[in-house]
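Q: Structure provided below as structure tokens; questions to follow.
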Amino acid sequence: MDCIFCKIIAGEIPADVVYEDDQILVFRDLAPQAPAHVLIVPKRHIASLDALDGSSEDRELLGYLMGKVREIAGQLELSEGYRLVCNCGEYGQQTVQHLHFHLLGKRQMAWPPG
Ligand code: 5GP
Ligand code: ZN
């Protein structure tokens with residue numbers, strides 16, 4: 001499959017990995033939008049948030065991933081807060097079609113998003 005994140009997960013393309021276990025990979029974004037900017041990526045290929053089918057496997061995986069955010073934020077020393085973003089589809093400006101969550105921190109964020 002021609003998926004850049006699957007290739008990173010398979011070790012075929014290098015990445016600056018900050019956390020890995022059997023279900024998720026976390027690595028630094030190539031074009032960081034904040035002093036701390038990592039991508040939290042499920043190892044199983046899921047195209048987007050909109051491709052989740054509500055199965056128990058999907059719910060378990062996403063629950064697991066969300067439960068890990070606090071730990072990853074702690075590892076990155078984001079004690080002053082952070083933002084978790086999931087871009088979905090064309091209007092959401094998703095550019096890589098493999099589900100991922102941006103974890104951004106170490107600067108003041110603004111609202112509304114662009
Ligand atoms: P999206 O726009 O789909 O929400 O996020 C995709 C993110 O992946 C972008 O922030 C982009 O900088 C990042 N990205 C794209 N290709 C690579 C890559 O090969 N390596 C890394 N580390 N990040 C990538
Ligand atoms: Zn993939």
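We name chains A, B, ... following the order of the structure tokens; residues begin at 1 in each chain, and ligands are numbered from 1 as shown.
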Give me, as a Markdown table, the closest atom pair and its distance (Å, one decimal) for every residue of chain A within a cut-off of 12 Å of ligand 2, counting only C-alpha atoms and all ligand atoms, rows sorted by chain and rising number.
A:
| residue | atom | partner | partner_atom_place_in_ligand_line | distance |
| --- | --- | --- | --- | --- |
| A:Met1 | CA | ligand 2 | 1 (Zn) | 7.4 |
| A:Asp2 | CA | ligand 2 | 1 (Zn) | 7.7 |
| A:Cys3 | CA | ligand 2 | 1 (Zn) | 4.6 |
| A:Ile4 | CA | ligand 2 | 1 (Zn) | 6.5 |
| A:Phe5 | CA | ligand 2 | 1 (Zn) | 5.0 |
| A:Cys6 | CA | ligand 2 | 1 (Zn) | 3.9 |
| A:Lys7 | CA | ligand 2 | 1 (Zn) | 7.4 |
| A:Ile8 | CA | ligand 2 | 1 (Zn) | 8.8 |
| A:Ile9 | CA | ligand 2 | 1 (Zn) | 8.3 |
| A:Ala10 | CA | ligand 2 | 1 (Zn) | 9.8 |
| A:Leu25 | CA | ligand 2 | 1 (Zn) | 11.8 |
| A:Val41 | CA | ligand 2 | 1 (Zn) | 9.2 |
| A:Pro42 | CA | ligand 2 | 1 (Zn) | 8.9 |
| A:Lys43 | CA | ligand 2 | 1 (Zn) | 7.8 |
| A:Arg44 | CA | ligand 2 | 1 (Zn) | 7.2 |
| A:His45 | CA | ligand 2 | 1 (Zn) | 4.3 |
| A:Ile46 | CA | ligand 2 | 1 (Zn) | 6.6 |
| A:Ala47 | CA | ligand 2 | 1 (Zn) | 7.0 |
| A:Ser48 | CA | ligand 2 | 1 (Zn) | 9.8 |
| A:Val96 | CA | ligand 2 | 1 (Zn) | 8.5 |
| A:Gln97 | CA | ligand 2 | 1 (Zn) | 7.0 |
| A:His98 | CA | ligand 2 | 1 (Zn) | 4.6 |
| A:Leu99 | CA | ligand 2 | 1 (Zn) | 7.7 |
| A:His100 | CA | ligand 2 | 1 (Zn) | 9.8 |
Q: Residues within 10 Å of ligand 1 should be enumerated using only C-alpha atoms and all ligand atoms and returned as a VMD selection string.
A: chain A and resid 3 to 5 7 to 8 13 to 17 26 to 33 37 to 39 48 85 to 90 92 to 102
Q: Keeping only N, CA and C atoms, write the selected residues as a short mmCIF file (atom, residue, chain, number, x, y, z; two decimals), in the first residue's frame.
A:
data_model
loop_
_atom_site.label_atom_id
_atom_site.label_comp_id
_atom_site.auth_asym_id
_atom_site.auth_seq_id
_atom_site.Cartn_x
_atom_site.Cartn_y
_atom_site.Cartn_z
N CYS A 3 1.24 4.14 1.37
CA CYS A 3 0.88 5.02 2.49
C CYS A 3 2.15 5.38 3.24
N ILE A 4 2.44 6.67 3.29
CA ILE A 4 3.70 7.13 3.89
C ILE A 4 3.80 6.75 5.38
N PHE A 5 2.68 6.81 6.11
CA PHE A 5 2.74 6.47 7.53
C PHE A 5 2.90 4.97 7.72
N LYS A 7 4.63 3.16 5.79
CA LYS A 7 6.06 2.95 5.51
C LYS A 7 6.92 3.36 6.71
N ILE A 8 6.53 4.43 7.38
CA ILE A 8 7.24 4.84 8.60
C ILE A 8 7.08 3.76 9.68
N ILE A 13 10.80 4.14 6.01
CA ILE A 13 11.14 5.57 5.94
C ILE A 13 11.50 6.00 7.36
N PRO A 14 12.64 6.69 7.55
CA PRO A 14 13.04 7.07 8.91
C PRO A 14 12.14 8.14 9.51
N ALA A 15 12.01 8.11 10.82
CA ALA A 15 11.26 9.13 11.54
C ALA A 15 11.87 9.29 12.92
N ASP A 16 11.65 10.46 13.50
CA ASP A 16 12.14 10.74 14.85
C ASP A 16 11.09 10.24 15.84
N VAL A 17 11.22 8.98 16.22
CA VAL A 17 10.20 8.32 17.05
C VAL A 17 10.40 8.70 18.51
N VAL A 26 4.52 7.11 17.73
CA VAL A 26 4.50 8.56 17.90
C VAL A 26 5.83 9.10 17.40
N PHE A 27 5.77 10.03 16.45
CA PHE A 27 7.00 10.59 15.90
C PHE A 27 6.83 12.08 15.63
N ARG A 28 7.95 12.78 15.55
CA ARG A 28 7.91 14.23 15.35
C ARG A 28 7.49 14.57 13.93
N ASP A 29 6.64 15.60 13.81
CA ASP A 29 6.18 16.05 12.50
C ASP A 29 7.36 16.64 11.73
N LEU A 30 7.38 16.36 10.43
CA LEU A 30 8.44 16.86 9.54
C LEU A 30 8.40 18.38 9.43
N ALA A 31 7.21 18.97 9.55
CA ALA A 31 7.03 20.42 9.43
C ALA A 31 6.33 20.92 10.69
N PRO A 32 7.08 21.00 11.80
CA PRO A 32 6.44 21.32 13.09
C PRO A 32 5.76 22.68 13.11
N GLN A 33 4.56 22.71 13.68
CA GLN A 33 3.77 23.95 13.78
C GLN A 33 3.82 24.52 15.20
N HIS A 37 5.72 19.15 18.44
CA HIS A 37 4.69 18.74 17.49
C HIS A 37 4.96 17.29 17.07
N VAL A 38 4.17 16.40 17.61
CA VAL A 38 4.30 14.98 17.25
C VAL A 38 2.99 14.48 16.66
N LEU A 39 3.09 13.37 15.96
CA LEU A 39 1.93 12.70 15.37
C LEU A 39 1.73 11.38 16.10
N SER A 48 -9.02 7.42 7.98
CA SER A 48 -9.34 8.69 8.65
C SER A 48 -10.30 8.43 9.80
N VAL A 85 -5.17 17.52 17.75
CA VAL A 85 -5.92 17.86 16.54
C VAL A 85 -6.00 16.65 15.62
N CYS A 86 -7.18 16.43 15.07
CA CYS A 86 -7.32 15.39 14.04
C CYS A 86 -8.00 16.03 12.83
N ASN A 87 -7.24 16.24 11.77
CA ASN A 87 -7.80 16.77 10.53
C ASN A 87 -8.45 15.62 9.77
N CYS A 88 -9.67 15.86 9.29
CA CYS A 88 -10.42 14.78 8.63
C CYS A 88 -11.01 15.27 7.31
N GLY A 89 -10.62 14.61 6.24
CA GLY A 89 -11.21 14.89 4.93
C GLY A 89 -10.74 16.21 4.32
N GLU A 90 -11.39 16.57 3.22
CA GLU A 90 -10.96 17.73 2.44
C GLU A 90 -11.11 19.04 3.22
N GLY A 92 -11.41 19.41 6.37
CA GLY A 92 -10.57 19.33 7.57
C GLY A 92 -9.09 19.46 7.25
N GLN A 93 -8.77 19.51 5.96
CA GLN A 93 -7.41 19.64 5.43
C GLN A 93 -6.50 18.49 5.85
N GLN A 94 -7.04 17.28 5.75
CA GLN A 94 -6.22 16.08 5.97
C GLN A 94 -5.38 15.84 4.73
N THR A 95 -4.06 15.73 4.92
CA THR A 95 -3.18 15.53 3.76
C THR A 95 -2.59 14.12 3.69
N VAL A 96 -2.54 13.43 4.81
CA VAL A 96 -2.05 12.03 4.82
C VAL A 96 -3.23 11.15 5.20
N GLN A 97 -3.54 10.21 4.32
CA GLN A 97 -4.77 9.41 4.49
C GLN A 97 -4.53 8.17 5.37
N HIS A 98 -3.93 8.40 6.51
CA HIS A 98 -3.73 7.37 7.54
C HIS A 98 -4.02 8.09 8.86
N LEU A 99 -5.03 7.65 9.57
CA LEU A 99 -5.48 8.32 10.79
C LEU A 99 -4.31 8.72 11.70
N HIS A 100 -4.33 9.97 12.13
CA HIS A 100 -3.29 10.46 13.04
C HIS A 100 -3.81 11.65 13.81
N PHE A 101 -3.23 11.85 14.97
CA PHE A 101 -3.57 12.97 15.84
C PHE A 101 -2.32 13.81 16.05
N HIS A 102 -2.46 15.11 15.82
CA HIS A 102 -1.36 16.04 16.07
C HIS A 102 -1.40 16.41 17.55
#
Q: To one decimal place in Å, what is the distance between atom CA of A:Tyr91 and atom CA of A:Trp111?
A: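 That distance, rounded to one decimal, is 17.5 Å.
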Q: Could you find all residues in stretch 6-110 of chain A that DSSP calls strand (DSSP E) from the backbone, and write them as an MDAnalysis selection string?
A: chainID A and resid 17:20 24:28 36:42 82:85 101:105
Q: With DSSP run on the backbone, what are the alpha helix (DSSP H) residues within stretch 55-87 of chain A? I'd like them as a list in words.
A: Ser56, Glu57, Asp58, Arg59, Glu60, Leu61, Leu62, Gly63, Tyr64, Leu65, Met66, Gly67, Lys68, Val69, Arg70, Glu71, Ile72, Ala73, Gly74 and Gln75 of chain A
Q: Give the answer as one residue: which of A:Ala34, A:Ser56, A:Asp50, A:Ile40 has the shortest atom-to-atom distance to A:Gly105, using only C-alpha atoms?
A: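 Among A:Ala34, A:Ser56, A:Asp50, A:Ile40, it is A:Ala34 that comes nearest to A:Gly105.
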Q: Using only C-alpha atoms, which residue out of A:Ala36, A:Leu65, A:Met109, A:Ala51 lies closest to A:Glu77?
A: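 Looking at the shortest contact to A:Glu77, the residue is A:Ala36.
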Q: For a test of reading the model, state the distance in Å between atom CA of A:Pro35 and atom CA of A:Leu104, rounded to one decimal.
A: 7.8 Å
Q: Between A:Gln108, A:Asp22, A:Gly114, A:Gly81, which one has atoms that come closest to A:Val69, using only C-alpha atoms?
A: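 Using only C-alpha atoms, A:Val69 sits closest to A:Gly81.
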Q: Between atom CA of A:Tyr19 and atom CA of A:Leu103, what is the distance, to one decimal in Å?
A: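 Going from atom CA of A:Tyr19 over to atom CA of A:Leu103, I get 12.7 Å.
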